[in-house]
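Participant: This is coords-v8.txt, which holds compact mmCIF, C-alpha atoms and all ligand atoms:
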# COMPACT_ATOMS: atom_id res chain seq x y z
CA MET A 24 -40.26 0.87 -3.37
CA LYS A 25 -41.42 3.83 -5.42
CA TYR A 26 -41.83 1.89 -8.70
CA ARG A 27 -43.71 -0.92 -6.96
CA ASN A 28 -46.14 1.56 -5.45
CA LYS A 29 -46.60 3.26 -8.81
CA LEU A 30 -47.30 -0.07 -10.52
CA PHE A 31 -49.92 -1.10 -7.95
CA SER A 32 -51.56 2.32 -8.19
CA TYR A 33 -51.97 2.09 -11.99
CA LYS A 34 -55.65 2.24 -12.93
CA LYS A 35 -56.03 -0.48 -15.59
CA PRO A 36 -55.27 -3.94 -14.10
CA TYR A 37 -54.72 -5.72 -17.44
CA ASP A 38 -52.80 -3.07 -19.41
CA LEU A 39 -49.55 -5.02 -19.61
CA ILE A 40 -48.11 -3.17 -22.60
CA SER A 41 -48.30 0.35 -21.13
CA THR A 42 -46.88 -0.83 -17.80
CA GLN A 43 -44.05 -3.06 -19.07
CA LYS A 44 -41.26 -0.50 -18.51
CA LEU A 45 -42.62 0.36 -15.06
CA PHE A 46 -42.86 -3.36 -14.24
CA ASN A 47 -39.20 -3.90 -15.21
CA LYS A 48 -38.14 -0.98 -13.00
CA ALA A 49 -40.16 -2.32 -10.07
CA VAL A 50 -38.61 -5.78 -10.54
CA LEU A 51 -35.08 -4.38 -10.59
CA GLU A 52 -35.81 -2.15 -7.58
CA ASN A 53 -37.06 -5.19 -5.64
CA CYS A 54 -34.10 -7.34 -6.72
CA LYS A 55 -31.61 -4.68 -5.58
CA TYR A 56 -33.39 -4.41 -2.23
CA GLN A 57 -33.44 -8.17 -1.62
CA TYR A 58 -29.78 -8.47 -2.70
CA LYS A 59 -28.78 -5.83 -0.20
CA ASN A 60 -30.95 -6.93 2.72
CA CYS A 61 -31.29 -10.71 2.56
CA THR A 62 -28.01 -12.58 3.08
CA GLU A 63 -29.34 -15.90 1.75
CA TYR A 64 -30.73 -14.28 -1.39
CA ARG A 65 -27.47 -12.45 -2.00
CA LYS A 66 -25.55 -15.71 -1.76
CA ILE A 67 -27.86 -17.37 -4.27
CA LEU A 68 -27.45 -14.51 -6.74
CA ASP A 69 -23.68 -14.39 -6.23
CA GLY A 70 -23.59 -18.15 -6.83
CA MET A 71 -25.35 -17.55 -10.14
CA SER A 72 -23.15 -14.56 -11.02
CA PHE A 73 -26.05 -12.14 -11.12
CA ASN A 74 -25.43 -8.75 -9.56
CA PRO A 75 -28.42 -6.37 -9.78
CA GLU A 76 -26.27 -3.51 -8.51
CA LYS A 77 -24.61 -3.40 -11.92
CA ILE A 78 -27.89 -2.36 -13.56
CA ASN A 79 -29.15 1.19 -13.17
CA VAL A 80 -32.91 1.61 -12.59
CA ASN A 81 -32.83 4.86 -14.53
CA GLY A 82 -30.57 3.54 -17.27
CA ASP A 83 -31.14 0.92 -19.94
CA ILE A 84 -32.81 -2.03 -18.26
CA PRO A 85 -32.50 -5.11 -20.50
CA ASP A 86 -35.91 -6.11 -21.94
CA ASN A 87 -35.41 -9.67 -20.72
CA ILE A 88 -34.64 -8.67 -17.12
CA ILE A 89 -37.66 -10.70 -15.95
CA GLU A 90 -36.20 -13.89 -17.41
CA LYS A 91 -32.64 -13.07 -16.29
CA ILE A 92 -33.27 -12.68 -12.56
CA PRO A 93 -32.49 -15.99 -10.80
CA VAL A 94 -35.56 -18.08 -10.06
CA ILE A 95 -36.06 -19.45 -6.55
CA PRO A 96 -37.90 -22.80 -6.30
CA THR A 97 -40.84 -22.55 -3.87
CA LEU A 98 -39.36 -25.67 -2.29
CA LEU A 99 -36.52 -23.52 -0.94
CA PHE A 100 -38.97 -21.44 1.13
CA LYS A 101 -40.23 -24.72 2.60
CA ARG A 102 -36.70 -25.63 3.69
CA MET A 103 -35.67 -22.30 5.19
CA LYS A 104 -37.01 -18.94 6.28
CA MET A 105 -35.81 -15.93 4.35
CA PHE A 106 -36.62 -12.41 5.45
CA SER A 107 -35.31 -9.11 4.11
CA VAL A 108 -36.58 -6.85 6.87
CA PRO A 109 -36.18 -7.40 10.64
CA GLU A 110 -38.85 -9.90 11.80
CA ARG A 111 -40.29 -7.42 14.30
CA LYS A 112 -41.15 -5.15 11.37
CA ILE A 113 -43.22 -7.83 9.61
CA PRO A 114 -46.89 -7.29 10.51
CA ILE A 115 -48.18 -10.48 8.87
CA LYS A 116 -46.62 -13.86 8.24
CA ALA A 117 -48.54 -16.43 6.25
CA THR A 118 -47.81 -20.07 5.51
CA SER A 119 -48.59 -22.41 2.65
CA SER A 120 -51.15 -25.07 3.43
CA GLY A 121 -48.88 -28.08 3.77
CA THR A 122 -50.36 -30.62 6.15
CA SER A 123 -47.17 -31.32 8.04
CA GLY A 124 -45.23 -28.54 9.71
CA LYS A 125 -42.11 -29.47 7.75
CA ASN A 126 -43.25 -28.79 4.21
CA VAL A 127 -44.57 -25.32 4.80
CA SER A 128 -43.31 -22.01 3.46
CA GLU A 129 -43.43 -19.02 5.75
CA ILE A 130 -43.64 -15.72 3.91
CA GLY A 131 -43.46 -12.32 5.57
CA PHE A 132 -45.55 -9.40 4.33
CA ASP A 133 -44.42 -5.82 4.93
CA LEU A 134 -47.01 -3.10 5.39
CA GLY A 135 -46.33 -1.73 1.90
CA SER A 136 -47.05 -5.11 0.29
CA LEU A 137 -50.37 -5.32 2.16
CA VAL A 138 -51.37 -1.88 0.89
CA CYS A 139 -50.39 -2.92 -2.66
CA GLY A 140 -52.32 -6.18 -2.20
CA LEU A 141 -55.45 -4.31 -1.21
CA LYS A 142 -55.22 -2.01 -4.24
CA MET A 143 -54.76 -5.07 -6.46
CA VAL A 144 -57.74 -6.96 -4.99
CA LEU A 145 -59.97 -3.90 -5.44
CA LYS A 146 -59.02 -3.46 -9.11
CA VAL A 147 -58.96 -7.13 -10.15
CA GLY A 148 -62.16 -7.84 -8.20
CA ARG A 149 -64.00 -4.86 -9.64
CA ALA A 150 -63.19 -6.08 -13.16
CA ARG A 151 -65.09 -9.31 -12.31
CA ASP A 152 -67.83 -7.55 -10.34
CA ILE A 153 -67.26 -9.38 -7.05
CA PHE A 154 -68.00 -6.47 -4.72
CA SER A 155 -71.54 -5.70 -3.68
CA LEU A 156 -73.38 -3.70 -1.06
CA ILE A 157 -76.04 -6.39 -0.78
CA PRO A 158 -75.34 -8.43 2.37
CA CYS A 159 -74.55 -12.14 1.93
CA HIS A 160 -74.39 -15.32 3.96
CA TYR A 161 -71.03 -17.04 3.51
CA ILE A 162 -70.27 -20.74 3.29
CA ILE A 163 -66.52 -21.13 3.68
CA MET A 164 -65.29 -24.33 2.04
CA GLY A 165 -62.07 -24.06 3.99
CA TYR A 166 -60.68 -23.78 7.49
CA GLN A 167 -62.44 -22.24 10.45
CA PRO A 168 -59.91 -19.66 11.75
CA HIS A 169 -57.94 -20.76 14.78
CA LYS A 170 -54.92 -19.20 16.45
CA SER A 171 -52.75 -22.20 15.48
CA ASN A 172 -53.65 -21.77 11.79
CA LYS A 173 -51.45 -19.26 9.95
CA THR A 174 -52.20 -20.48 6.43
CA ALA A 175 -52.69 -17.91 3.70
CA VAL A 176 -55.79 -19.73 2.40
CA THR A 177 -57.52 -19.24 5.75
CA LYS A 178 -56.68 -15.54 5.79
CA THR A 179 -57.74 -15.00 2.16
CA ALA A 180 -60.99 -16.98 2.55
CA PHE A 181 -61.84 -14.78 5.52
CA GLY A 182 -60.84 -11.69 3.48
CA ALA A 183 -63.26 -12.76 0.74
CA THR A 184 -66.16 -12.53 3.20
CA LEU A 185 -65.50 -8.78 3.29
CA PHE A 186 -66.37 -8.37 -0.44
CA THR A 187 -69.95 -7.70 0.68
CA PRO A 188 -71.44 -7.00 4.10
CA CYS A 189 -71.39 -10.41 5.82
CA LEU A 190 -74.47 -11.82 7.58
CA SER A 191 -73.06 -15.16 8.68
CA ARG A 192 -70.10 -17.50 8.18
CA THR A 193 -70.40 -21.28 8.12
CA TYR A 194 -67.22 -23.33 7.82
CA ILE A 195 -66.83 -26.78 6.32
CA LEU A 196 -63.55 -27.55 8.13
CA LYS A 197 -64.29 -27.25 11.82
CA TYR A 198 -61.55 -27.21 14.43
CA LYS A 199 -62.13 -29.89 17.02
CA ASN A 200 -59.67 -31.39 19.54
CA GLY A 201 -56.58 -30.13 17.73
CA LYS A 202 -57.54 -31.04 14.16
CA TYR A 203 -59.82 -30.07 11.31
CA ILE A 204 -62.82 -32.23 10.43
CA PRO A 205 -65.08 -31.66 7.39
CA ASP A 206 -68.70 -31.07 8.37
CA PHE A 207 -70.75 -31.69 5.22
CA LYS A 208 -73.91 -32.36 7.24
CA GLY A 209 -73.68 -28.99 8.99
CA VAL A 210 -73.21 -27.15 5.70
CA ILE A 211 -76.14 -28.94 4.00
CA GLY A 212 -78.35 -28.11 7.00
CA LYS A 213 -77.34 -24.45 6.77
CA LEU A 214 -78.01 -24.38 2.99
CA LYS A 215 -81.57 -25.60 3.60
CA ILE A 216 -82.10 -22.59 5.87
CA LEU A 217 -80.35 -20.12 3.53
CA GLU A 218 -82.55 -21.25 0.62
CA LYS A 219 -85.40 -19.36 2.28
CA SER A 220 -83.35 -16.24 3.06
CA SER A 221 -84.06 -13.00 1.24
CA PHE A 222 -80.30 -12.44 0.91
CA PRO A 223 -77.91 -14.25 -1.43
CA CYS A 224 -75.38 -16.83 -0.37
CA ARG A 225 -71.73 -16.99 -1.34
CA PHE A 226 -69.39 -19.94 -1.31
CA MET A 227 -65.68 -19.29 -0.90
CA GLY A 228 -62.89 -21.83 -0.69
CA PHE A 229 -61.37 -25.06 -1.93
CA PRO A 230 -62.82 -26.34 -5.21
CA ALA A 231 -62.36 -29.96 -4.02
CA TYR A 232 -64.58 -29.60 -0.93
CA THR A 233 -67.14 -27.65 -2.98
CA PHE A 234 -67.19 -30.44 -5.56
CA PHE A 235 -67.49 -33.16 -2.89
CA LEU A 236 -70.41 -31.27 -1.35
CA LEU A 237 -72.19 -31.09 -4.71
CA LYS A 238 -71.61 -34.82 -5.25
CA ILE A 239 -72.87 -35.75 -1.79
CA MET A 240 -75.99 -33.62 -2.28
CA ARG A 241 -76.73 -35.20 -5.63
CA GLU A 242 -76.23 -38.74 -4.27
CA LYS A 243 -78.64 -37.97 -1.43
CA GLY A 244 -81.11 -36.39 -3.86
CA ILE A 245 -80.97 -33.00 -2.10
CA THR A 246 -81.51 -30.04 -4.42
CA ILE A 247 -81.66 -26.43 -3.29
CA LYS A 248 -82.44 -23.22 -5.11
CA LEU A 249 -80.20 -20.54 -3.60
CA PRO A 250 -81.51 -16.95 -3.75
CA VAL A 251 -80.86 -14.81 -6.84
CA GLY A 252 -77.37 -13.23 -6.76
CA SER A 253 -75.75 -16.21 -5.04
CA LYS A 254 -72.23 -17.02 -6.20
CA ILE A 255 -69.62 -19.73 -5.87
CA LEU A 256 -66.08 -18.40 -5.42
CA LEU A 257 -63.30 -20.97 -5.67
CA GLY A 258 -59.71 -20.58 -4.54
CA GLY A 259 -56.79 -22.44 -3.03
CA GLY A 260 -56.39 -25.07 -5.75
CA TRP A 261 -57.06 -28.81 -5.68
CA LYS A 262 -54.04 -29.72 -3.50
CA GLN A 263 -54.04 -33.41 -2.54
CA PHE A 264 -57.27 -33.97 -4.49
CA TYR A 265 -55.62 -33.20 -7.84
CA ALA A 266 -56.54 -36.60 -9.28
CA GLU A 267 -60.22 -36.12 -8.44
CA GLN A 268 -60.54 -32.86 -10.34
CA PRO A 269 -63.56 -33.07 -12.64
CA ASP A 270 -64.02 -31.51 -16.02
CA LYS A 271 -64.99 -27.86 -15.40
CA THR A 272 -68.24 -28.28 -17.36
CA GLU A 273 -69.25 -31.15 -15.07
CA PHE A 274 -68.65 -28.93 -12.06
CA TYR A 275 -70.80 -26.12 -13.52
CA ARG A 276 -73.59 -28.50 -14.52
CA LEU A 277 -73.67 -30.00 -11.04
CA SER A 278 -73.77 -26.64 -9.25
CA GLU A 279 -76.70 -25.55 -11.45
CA GLU A 280 -78.51 -28.82 -10.75
CA VAL A 281 -77.89 -29.02 -7.00
CA LEU A 282 -77.70 -25.37 -5.87
CA GLY A 283 -79.27 -23.46 -8.75
CA VAL A 284 -76.05 -21.46 -9.28
CA SER A 285 -75.29 -21.07 -12.98
CA GLU A 286 -71.88 -20.98 -14.63
CA GLU A 287 -71.62 -17.17 -14.90
CA ASN A 288 -71.89 -16.98 -11.11
CA ILE A 289 -68.92 -19.24 -10.54
CA ILE A 290 -65.63 -17.40 -10.18
CA GLU A 291 -62.26 -19.00 -9.61
CA PHE A 292 -59.12 -17.45 -8.13
CA PHE A 293 -55.54 -18.57 -8.43
CA GLY A 294 -52.58 -17.56 -6.27
CA ALA A 295 -50.02 -18.92 -3.82
CA VAL A 296 -48.45 -17.74 -0.61
CA GLU A 297 -45.07 -17.61 -2.39
CA HIS A 298 -46.69 -15.53 -5.16
CA PRO A 299 -49.52 -13.55 -3.58
CA VAL A 300 -50.91 -12.05 -6.79
CA LEU A 301 -54.65 -12.37 -7.32
CA TYR A 302 -55.54 -14.09 -10.58
CA CYS A 303 -59.27 -14.01 -11.18
CA ASP A 304 -60.83 -15.98 -14.01
CA CYS A 305 -62.71 -14.21 -16.84
CA LYS A 306 -66.18 -15.19 -18.04
CA ASN A 307 -64.55 -17.96 -20.10
CA HIS A 308 -62.77 -19.13 -16.92
CA HIS A 309 -59.24 -18.22 -17.98
CA PHE A 310 -56.61 -16.69 -15.70
CA HIS A 311 -55.40 -13.59 -17.56
CA ILE A 312 -52.17 -12.11 -16.20
CA PRO A 313 -52.69 -8.81 -14.35
CA ILE A 314 -50.11 -5.98 -14.51
CA TYR A 315 -48.75 -6.93 -11.07
CA SER A 316 -47.06 -10.08 -12.32
CA ARG A 317 -45.53 -11.85 -15.28
CA VAL A 318 -45.44 -15.55 -16.02
CA THR A 319 -42.58 -17.30 -17.78
CA ILE A 320 -43.00 -20.91 -18.83
CA ARG A 321 -39.70 -22.80 -18.68
CA ASP A 322 -38.52 -26.01 -20.25
CA VAL A 323 -38.68 -28.83 -17.69
CA ASP A 324 -35.11 -29.99 -18.42
CA THR A 325 -33.16 -26.89 -19.44
CA LEU A 326 -35.23 -24.30 -17.51
CA LYS A 327 -34.94 -22.03 -20.58
CA PRO A 328 -38.00 -19.84 -21.29
CA ILE A 329 -40.33 -21.32 -23.90
CA GLY A 330 -43.07 -19.73 -25.97
CA TYR A 331 -46.84 -19.59 -26.05
CA GLY A 332 -48.73 -22.88 -26.30
CA GLU A 333 -45.94 -25.06 -24.91
CA THR A 334 -46.12 -26.93 -21.61
CA GLY A 335 -43.45 -26.29 -19.01
CA LEU A 336 -42.66 -25.27 -15.45
CA VAL A 337 -44.48 -22.19 -14.22
CA ASN A 338 -42.21 -19.32 -13.15
CA LEU A 339 -44.10 -16.49 -11.44
CA ILE A 340 -42.68 -12.99 -11.04
CA THR A 341 -43.96 -10.10 -8.93
CA PRO A 342 -42.28 -7.12 -7.23
CA MET A 343 -45.10 -6.95 -4.64
CA VAL A 344 -43.31 -8.19 -1.51
CA LYS A 345 -40.36 -6.53 0.19
CA ALA A 346 -40.12 -8.61 3.38
CA THR A 347 -39.32 -11.95 1.69
CA PRO A 348 -37.47 -12.52 -1.62
CA VAL A 349 -40.40 -14.00 -3.57
CA LEU A 350 -39.60 -11.84 -6.59
CA SER A 351 -39.24 -14.73 -9.04
CA VAL A 352 -40.36 -18.19 -7.94
CA MET A 353 -40.69 -21.59 -9.58
CA THR A 354 -43.73 -23.61 -8.59
CA ASP A 355 -44.17 -27.35 -9.07
CA ASP A 356 -47.10 -26.71 -11.40
CA LEU A 357 -46.99 -27.41 -15.10
CA GLY A 358 -48.60 -24.77 -17.24
CA ILE A 359 -49.15 -23.26 -20.66
CA LEU A 360 -49.26 -19.58 -21.53
CA ARG A 361 -51.75 -18.56 -24.23
CA LYS A 362 -52.22 -15.30 -26.11
CA GLY A 363 -55.07 -13.15 -24.80
CA LYS A 364 -56.95 -13.07 -28.06
CA GLU A 365 -57.34 -16.88 -28.03
CA CYS A 366 -59.78 -16.53 -25.13
CA GLY A 367 -62.35 -14.35 -26.84
CA CYS A 368 -63.52 -12.50 -23.71
CA GLY A 369 -61.91 -9.24 -24.87
CA ASN A 370 -59.10 -9.17 -22.31
CA PRO A 371 -55.87 -8.75 -24.36
CA SER A 372 -53.55 -10.02 -21.61
CA PRO A 373 -52.08 -13.55 -21.98
CA TYR A 374 -53.60 -16.24 -19.79
CA LEU A 375 -52.17 -19.12 -17.80
CA GLU A 376 -53.51 -22.66 -17.91
CA ILE A 377 -52.38 -24.98 -15.15
CA VAL A 378 -52.29 -28.44 -16.66
CA GLY A 379 -50.87 -30.54 -13.85
CA ARG A 380 -48.22 -31.20 -11.30
CA VAL A 381 -44.62 -31.87 -12.14
CA ALA A 382 -43.81 -35.59 -12.48
CA PRO A 383 -41.78 -36.96 -9.55
CA GLU A 384 -38.57 -37.17 -11.61
CA SER A 385 -38.77 -33.46 -12.54
CA LEU A 386 -39.63 -32.60 -8.97
CA LYS A 387 -36.31 -34.22 -8.12
CA THR A 388 -34.65 -31.73 -10.49
CA CYS A 389 -36.34 -28.90 -8.58
CA ALA A 390 -35.38 -30.46 -5.25
CA ALA A 391 -31.80 -30.83 -6.46
CA GLY A 392 -31.87 -27.19 -7.55
CA ALA A 393 -33.09 -26.15 -4.12
CA ALA A 394 -30.47 -28.35 -2.42
CA GLU A 395 -27.76 -26.79 -4.60
CA MET A 396 -28.89 -23.30 -3.55
CA LEU A 397 -28.96 -24.34 0.10
CA LYS A 398 -25.36 -25.51 -0.21
CA ASN A 399 -24.32 -22.05 -1.41
CA ILE A 400 -26.03 -20.50 1.59
ZN ZN B 501 -60.74 -14.38 -21.07
Once more with this new file: its structure as structure tokens, please.
Ligand SMILES: [Zn+2]
Facilitator:
Amino acid sequence: MKYRNKLFSYKKPYDLISTQKLFNKAVLENCKYQYKNCTEYRKILDGMSFNPEKINVNGDIPDNIIEKIPVIPTLLFKRMKMFSVPERKIPIKATSSGTSGKNVSEIGFDLGSLVCGLKMVLKVGRARDIFSLIPCHYIIMGYQPHKSNKTAVTKTAFGATLFTPCLSRTYILKYKNGKYIPDFKGVIGKLKILEKSSFPCRFMGFPAYTFFLLKIMREKGITIKLPVGSKILLGGGWKQFYAEQPDKTEFYRLSEEVLGVSEENIIEFFGAVEHPVLYCDCKNHHFHIPIYSRVTIRDVDTLKPIGYGETGLVNLITPMVKATPVLSVMTDDLGILRKGKECGCGNPSPYLEIVGRVAPESLKTCAAGAAEMLKNI
């Protein structure tokens, strides 16, 4: 994985143009590896008449290699496990946060991918100034870790508490008698204490629970002024609360009113267990694409790549992981890709807007696609 390691060691995290050739090499290198070492993946590619062994990494790699490599629907990872290294050599396995055991993807991470992931988090995070030596109290708007919980969101939320020295961790979702229960009262009580602390407070976790907390506090007439330097970090998406998602400006207004945290101190992350690249929003709250990934928007019916400004299925590509073939995956999100200069923050890299979930009839297309692939395997 020499090209992968080179890509993740590159200094500028948003310099897509200078790294394009290297990215293509890393993608091809990963595709060849998966083809050779993962039987299921090989069968899928054979079924689609795509043989990466015919392309030489040091020769002429087609410019559209990223679009050419067969796309695996994330749904397929929910139906079956796919590993490309022996399971005993996989130090970490993480799952998506499906509520039932059935609809959960299990993705293996090799040691190399974890090292790459760390380099990526350091560079993307530094660009948004999320690391600090000033200790913080953490309010985790997510799951309290428990040995039965292997979800990636739990691991990443915990990881985020290492961005600064951590003084305390308070969880909204507490594990009691085999299930998770939200504890808004406990969190509000803790916030009243933290208001008087001489150290800042950081939120990390699901935007939905954070929003519900803000609403509950406003309804009860509780307002708090968190210490200077406090931040709200959001990650993990809206999940089952998609319909309740407010306008972003309403969210920012409410957090200023209830917690005294202004918009510039609210940072959102985007990522998925099947595509573990860290997307961090810019000051205008847009997810610019870092050098570690590429995004192709595809027509909902034909799956053909479409251009900037058009809505379609979101296809995410990264050569980060060796242990599972998550090289090019199709999510059930609908998105639009926009040119970097449209944002105005100065980051030249294109940015991704998630505009919704795929309608049930299109999801059927994806499910049929996944079923078709399963048949080949
Ligand atoms: Zn921007």
Participant: Go ahead and compute the interatomic distance for CA of Gly260 (chain A) and CA of Pro230 (chain A), in Å to one decimal.
Facilitator: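 Straight-line distance from CA of Gly260 (chain A) to CA of Pro230 (chain A) works out to 6.6 Å.
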Participant: For the point (-53.1, -24.5, -29.4) in the file's frame, write as a list of chain:residue names all residues with an atom no more than 12 Å away, counting all atoms listed in the file.
Facilitator: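 Taken together, the residues in range are A:Gly330, A:Tyr331, A:Gly332, A:Glu333, A:Thr334, A:Ile359, A:Leu360, A:Arg361, A:Lys362, A:Glu365, A:Cys366, A:Glu376.
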Participant: Mind checking which residues fall within 8 Å of Gly363 (chain A), counting all atoms listed in the file, ignoring those fewer than 4 positions away in the same chain, and posting them as a PyMOL selection string?
Facilitator: chain A and resi 311+367+369-374
Participant: Write out as number ranges by chain the residues lying within 9 Å of Leu357 (chain A), counting all atoms listed in the file and excluding same-chain residues fewer than 3 positions away.
Facilitator: A: 320, 323, 334-337, 354, 376-381
Participant: Between A:Tyr315, A:Phe186, A:Tyr302, A:Phe226, which has the minimum distance to ligand ZN 501 (chain B) (counting all atoms listed in the file)?
Facilitator: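 Counting all atoms listed in the file, the residue closest to ligand ZN 501 (chain B) is A:Tyr302.
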Participant: Quick one: residues within 9 Å of region 24-41 of chain A, only C-alpha atoms counted, chain neighbours fewer than 3 positions away excluded, as a PyMOL selection string?
Facilitator: chain A and resi 44-46+48-50+52-53+56+135-136+138-140+142-143+146-147+150+311-315+342-343+345+370-372
Participant: Restricting the calculation to all atoms listed in the file, which member of A:Val144, A:Ser253, A:Ser285, A:Glu297 is positioned closest to Pro348 (chain A)?
Facilitator: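 The shortest atom-to-atom distance to Pro348 (chain A) comes from A:Glu297.
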Participant: Work out how far CA of Val349 (chain A) is from CA of Arg65 (chain A), in Å to one decimal.
Facilitator: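 The value is 13.1 Å.
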Participant: Using all atoms listed in the file, list the residues that have an atom at most 8 Å from (-81.7, -22.6, -1.4), coordinates as in the file, as an MDAnalysis selection string.
Facilitator: chainID A and resid 214:220 247:250 282:283
Participant: Please compute the CA of Leu145 (chain A)-CA of Thr184 (chain A) distance, one decimal, in Å.
Facilitator: 13.7 Å
Participant: Just save region 218-241 of chain A with N, CA and C atoms, as a compact mmCIF listing (two decimals), in the first residue's frame.
Facilitator:
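The result, written out as out.txt:
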# COMPACT_ATOMS: atom_id res chain seq x y z
N GLU A 218 -20.97 25.40 33.86
CA GLU A 218 -21.07 26.84 33.60
C GLU A 218 -20.10 27.62 34.50
N LYS A 219 -19.89 27.09 35.70
CA LYS A 219 -19.03 27.80 36.67
C LYS A 219 -17.57 27.37 36.59
N SER A 220 -17.28 26.40 35.72
CA SER A 220 -15.90 25.89 35.61
C SER A 220 -14.99 26.92 34.97
N SER A 221 -13.70 26.84 35.28
CA SER A 221 -12.78 27.77 34.62
C SER A 221 -12.26 27.17 33.31
N PHE A 222 -12.71 25.95 32.99
CA PHE A 222 -12.30 25.32 31.73
C PHE A 222 -13.49 25.22 30.77
N PRO A 223 -13.19 25.26 29.45
CA PRO A 223 -14.30 25.17 28.49
C PRO A 223 -14.95 23.80 28.44
N CYS A 224 -16.09 23.77 27.78
CA CYS A 224 -16.86 22.54 27.64
C CYS A 224 -16.99 22.24 26.15
N ARG A 225 -16.95 20.95 25.82
CA ARG A 225 -17.14 20.58 24.42
C ARG A 225 -18.23 19.55 24.28
N PHE A 226 -19.12 19.79 23.34
CA PHE A 226 -20.12 18.79 22.98
C PHE A 226 -19.56 17.96 21.83
N MET A 227 -19.86 16.68 21.81
CA MET A 227 -19.51 15.87 20.65
C MET A 227 -20.62 14.84 20.45
N GLY A 228 -21.13 14.71 19.23
CA GLY A 228 -22.08 13.63 19.01
C GLY A 228 -23.22 13.99 18.09
N PHE A 229 -24.29 13.20 18.19
CA PHE A 229 -25.41 13.30 17.24
C PHE A 229 -26.04 14.68 17.25
N PRO A 230 -26.20 15.28 16.05
CA PRO A 230 -26.87 16.58 15.99
C PRO A 230 -28.31 16.52 16.52
N ALA A 231 -29.01 15.40 16.31
CA ALA A 231 -30.41 15.31 16.73
C ALA A 231 -30.53 15.45 18.25
N TYR A 232 -29.73 14.68 19.01
CA TYR A 232 -29.82 14.76 20.47
C TYR A 232 -29.40 16.14 20.96
N THR A 233 -28.40 16.75 20.29
CA THR A 233 -27.96 18.09 20.67
C THR A 233 -29.11 19.08 20.46
N PHE A 234 -29.78 18.95 19.33
CA PHE A 234 -30.91 19.83 19.02
C PHE A 234 -32.06 19.63 20.02
N PHE A 235 -32.37 18.37 20.33
CA PHE A 235 -33.45 18.10 21.29
C PHE A 235 -33.11 18.70 22.65
N LEU A 236 -31.84 18.61 23.04
CA LEU A 236 -31.41 19.18 24.32
C LEU A 236 -31.65 20.70 24.33
N LEU A 237 -31.24 21.35 23.24
CA LEU A 237 -31.42 22.81 23.15
C LEU A 237 -32.90 23.16 23.24
N LYS A 238 -33.73 22.37 22.56
CA LYS A 238 -35.18 22.65 22.58
C LYS A 238 -35.77 22.46 23.98
N ILE A 239 -35.36 21.37 24.64
CA ILE A 239 -35.87 21.11 25.99
C ILE A 239 -35.47 22.25 26.92
N MET A 240 -34.20 22.69 26.80
CA MET A 240 -33.71 23.75 27.68
C MET A 240 -34.49 25.05 27.44
N ARG A 241 -34.76 25.34 26.17
CA ARG A 241 -35.50 26.57 25.90
C ARG A 241 -36.93 26.48 26.44
